[in-house]
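The block underneath contains the structure these notes are about, expressed in structure tokens.
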Amino acid sequence: MAAVTRHRPRVLVIGLDCAEPSLVFDRWREELPHLRQLMDNGTYGPMESSIPCITVPAWASMMSGKDAGQLGLYGFHNRANYGYGRLSIANSTSITTPQVCDLASQAGKQVITIGVPPSYPPRPVNGVMVGCFLTPSTTNASRPYTYPGELAEEIRSQVGEYQVDVPNFRTNDKDYLLKQIYDMSDQHFKLIRHLMRSRPWDFCMFVEIGVDRIHHGMWKYHDPTHPKHEPGNRYQDAIKDYYRYLDGQIGDLLELVDDNTTLWVVSDHGAKKMDGGFCFNEWLIQEGYLALKTRPQGVAPLEKCEVDWARTKAWGGGGYYGRLFLNVRGREPEGLIAPGDYETVRDELVCRLEALPDPLGQPLGTRVFKPQEIYRECRGVPPDLIVYFGDLAWRSVGSIGLDGIYTFENDTGPDDANHAQFGMFIHYDPSRAGQGRVPAIRLMDVAPSLLTNLELPVPTAMQGRAPGFARTGRA
């Protein structure tokens, strides 16, 4: 009997940061022929993101199979210690847990990763790594954004000065924004095609940040339910046109893969309209939890205000979700809350935050999470509470000096959208029939699925589990 030839499996992961499943699966499905083909012949559905559903912890959780608490990543910014200093920006050095590209490299697989957060500074892999949107500069030779470092010159020769992100994406100049998004995405896909053609690879993954940037910058133009929507505006098809553009670029990538390649298309979270902002610290001041020595002149971030820490019980952080920190005696430098009262104060704030009304007096629908209850472990310094104002329909505004506790202007620049808890996945394995649309999987299920597709062992420490459709049928 002739021996059965086993082909070396390959996996291509197409990451679309913030891609909204309702747009891909339903609203624009017929206008996205390549994604539709993958759905028609594969398995797809919603994917529950991390808490919080923010780019850095979400991608890190997806690629490690561990939750945000185990990783010690509670958002784009994280508290470095129990002092009152400014929050530090997350980067790849924040993570000590190996991710799929690391495990694949250790097993001798050849990898390509481009823009997968957090990947700055880049770390050694058995292949190449290109930094993500956290990269501060692509021209500082002493702080390379690629591994190996000499790859940067090759990238420059292929695409020019490389853009990891859209500069100033919170702008009112939407023509500028669109041009920057397309210019950046053109570069990204040109680089992806070049590396796929010029490098041997078993695992290739990239993340396109342009989807997130166009959602935040232009959601009001396409969503008739958005409070700032103007019917008939000239940008109403801008997001759809960009999705169609991405579908065409994905089609070009599909020409570069063979029948031994399993494909994934994933987003770290979805998108939804932003109804407004809730002024978190203004509310805490109003309710007696936060005390200032003097009010700022105009609008100012909390870190530039004179906080009377000796009279402060709690303060909050702004962003797409809220972070609440308690001033605990013996933990913070000027702690006020006795350790024995910690849970009482925390429970009181959970009840009060979840009971918040909207500007019309109706329930806002806020959800509040205790990190110790949603994570297997809490590394680093977690917030005492994680707050989804209006279940993510309202942004958390941390600035002081705004008029009232509700605002309809973002304190960090124009922004139309918030993140949604469910992103999306599409899985296509040429060796087996797909299952069509299936119920939601968890974001942490992706890492063990990718390792299974690569025929590598799944570490027992991973929380996620590969669903049945992700187990290869390849001979």
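Convention: chains lettered A, B, ... in structure tokens order; per-chain residue numbering from 1; ligands numbered from 1 as shown.
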
Closest pair table for range 339-410 of chain A residues within 10 Å of range 40-60 of chain A, only C-alpha atoms, as JSON lines:
```
{"residue": "A:Phe369", "atom": "CA", "partner": "A:Ile51", "partner_atom": "CA", "distance": 8.7}
{"residue": "A:Pro371", "atom": "CA", "partner": "A:Ile51", "partner_atom": "CA", "distance": 9.1}
{"residue": "A:Ile374", "atom": "CA", "partner": "A:Ile51", "partner_atom": "CA", "distance": 8.2}
{"residue": "A:Tyr375", "atom": "CA", "partner": "A:Ile51", "partner_atom": "CA", "distance": 9.0}
{"residue": "A:Ile386", "atom": "CA", "partner": "A:Pro52", "partner_atom": "CA", "distance": 7.5}
{"residue": "A:Val387", "atom": "CA", "partner": "A:Pro52", "partner_atom": "CA", "distance": 8.8}
{"residue": "A:Tyr388", "atom": "CA", "partner": "A:Pro52", "partner_atom": "CA", "distance": 8.5}
{"residue": "A:Leu392", "atom": "CA", "partner": "A:Cys53", "partner_atom": "CA", "distance": 9.7}
```

Under the rule that only C-alpha atoms are counted, which of A:Glu30, A:Gly319, A:Gly65, A:Glu20 is the nearest residue to Asp415 in chain A?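 The closest residue to Asp415 in chain A is A:Gly319.
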
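Distances here use only C-alpha atoms; by that measure, the residue among A:Ile95, A:Met62, A:Thr460, A:His427 closest to Trp264 in chain A is A:His427.
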
Range 399-410 of chain A surroundings by only C-alpha atoms, 7 Å radius, close-in-sequence under 6 positions cut, as a PyMOL selection string: chain A and resi 276-279+281-283+296+298-302

How would the residues just chosen look if you wrote them out with N, CA and C atoms as an mmCIF file, in the first residue's frame?
```cif
data_model
loop_
_atom_site.group_PDB
_atom_site.id
_atom_site.type_symbol
_atom_site.label_atom_id
_atom_site.label_comp_id
_atom_site.auth_asym_id
_atom_site.auth_seq_id
_atom_site.Cartn_x
_atom_site.Cartn_y
_atom_site.Cartn_z
ATOM 1 N N GLY A 276 -23.711 59.238 23.074
ATOM 2 C CA GLY A 276 -23.164 60.391 23.777
ATOM 3 C C GLY A 276 -22.112 59.952 24.766
ATOM 4 N N GLY A 277 -21.756 60.862 25.647
ATOM 5 C CA GLY A 277 -20.759 60.561 26.664
ATOM 6 C C GLY A 277 -21.300 60.822 28.059
ATOM 7 N N PHE A 278 -20.924 59.964 28.993
ATOM 8 C CA PHE A 278 -21.291 60.158 30.392
ATOM 9 C C PHE A 278 -20.070 60.678 31.115
ATOM 10 N N CYS A 279 -20.207 61.829 31.770
ATOM 11 C CA CYS A 279 -19.087 62.488 32.439
ATOM 12 C C CYS A 279 -18.850 61.838 33.794
ATOM 13 N N ASN A 281 -16.283 61.453 36.016
ATOM 14 C CA ASN A 281 -15.740 62.140 37.186
ATOM 15 C C ASN A 281 -16.631 63.278 37.665
ATOM 16 N N GLU A 282 -17.344 63.915 36.733
ATOM 17 C CA GLU A 282 -18.305 64.932 37.159
ATOM 18 C C GLU A 282 -19.395 64.299 38.021
ATOM 19 N N TRP A 283 -19.835 63.117 37.646
ATOM 20 C CA TRP A 283 -20.844 62.404 38.440
ATOM 21 C C TRP A 283 -20.283 62.020 39.800
ATOM 22 N N PRO A 296 -11.015 73.306 37.680
ATOM 23 C CA PRO A 296 -10.156 73.812 36.616
ATOM 24 C C PRO A 296 -10.835 74.933 35.835
ATOM 25 N N GLY A 298 -12.021 75.936 32.538
ATOM 26 C CA GLY A 298 -12.322 75.214 31.306
ATOM 27 C C GLY A 298 -12.338 73.719 31.530
ATOM 28 N N VAL A 299 -12.164 72.964 30.450
ATOM 29 C CA VAL A 299 -12.208 71.497 30.503
ATOM 30 C C VAL A 299 -10.787 70.974 30.630
ATOM 31 N N ALA A 300 -10.577 70.044 31.568
ATOM 32 C CA ALA A 300 -9.232 69.511 31.800
ATOM 33 C C ALA A 300 -9.320 68.034 32.162
ATOM 34 N N PRO A 301 -8.319 67.246 31.747
ATOM 35 C CA PRO A 301 -8.279 65.849 32.198
ATOM 36 C C PRO A 301 -8.024 65.789 33.698
ATOM 37 N N LEU A 302 -8.451 64.705 34.312
ATOM 38 C CA LEU A 302 -8.352 64.589 35.768
ATOM 39 C C LEU A 302 -6.912 64.740 36.249
#
```

Using only C-alpha atoms, the best pick from A:Leu284, A:Ala355, A:Val438, A:Leu195 as closest to Leu326 in chain A would be A:Leu284

Find the distance between CA of Thr138 in chain A and CA of Ile114 in chain A and write it in Å to one decimal. 13.6 Å

Give me, please, the distance in Å between CA of Asp275 in chain A and CA of Pro227 in chain A, quoted to one decimal.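 Going from CA of Asp275 in chain A over to CA of Pro227 in chain A, I get 6.4 Å.
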
Residues within 12 Å of Asp341 in chain A, please, as a ChimeraX atom specification. Count only C-alpha atoms; anything in the same chain fewer than 2 positions from it doesn't count. /A:313,326-329,336-339,343-348
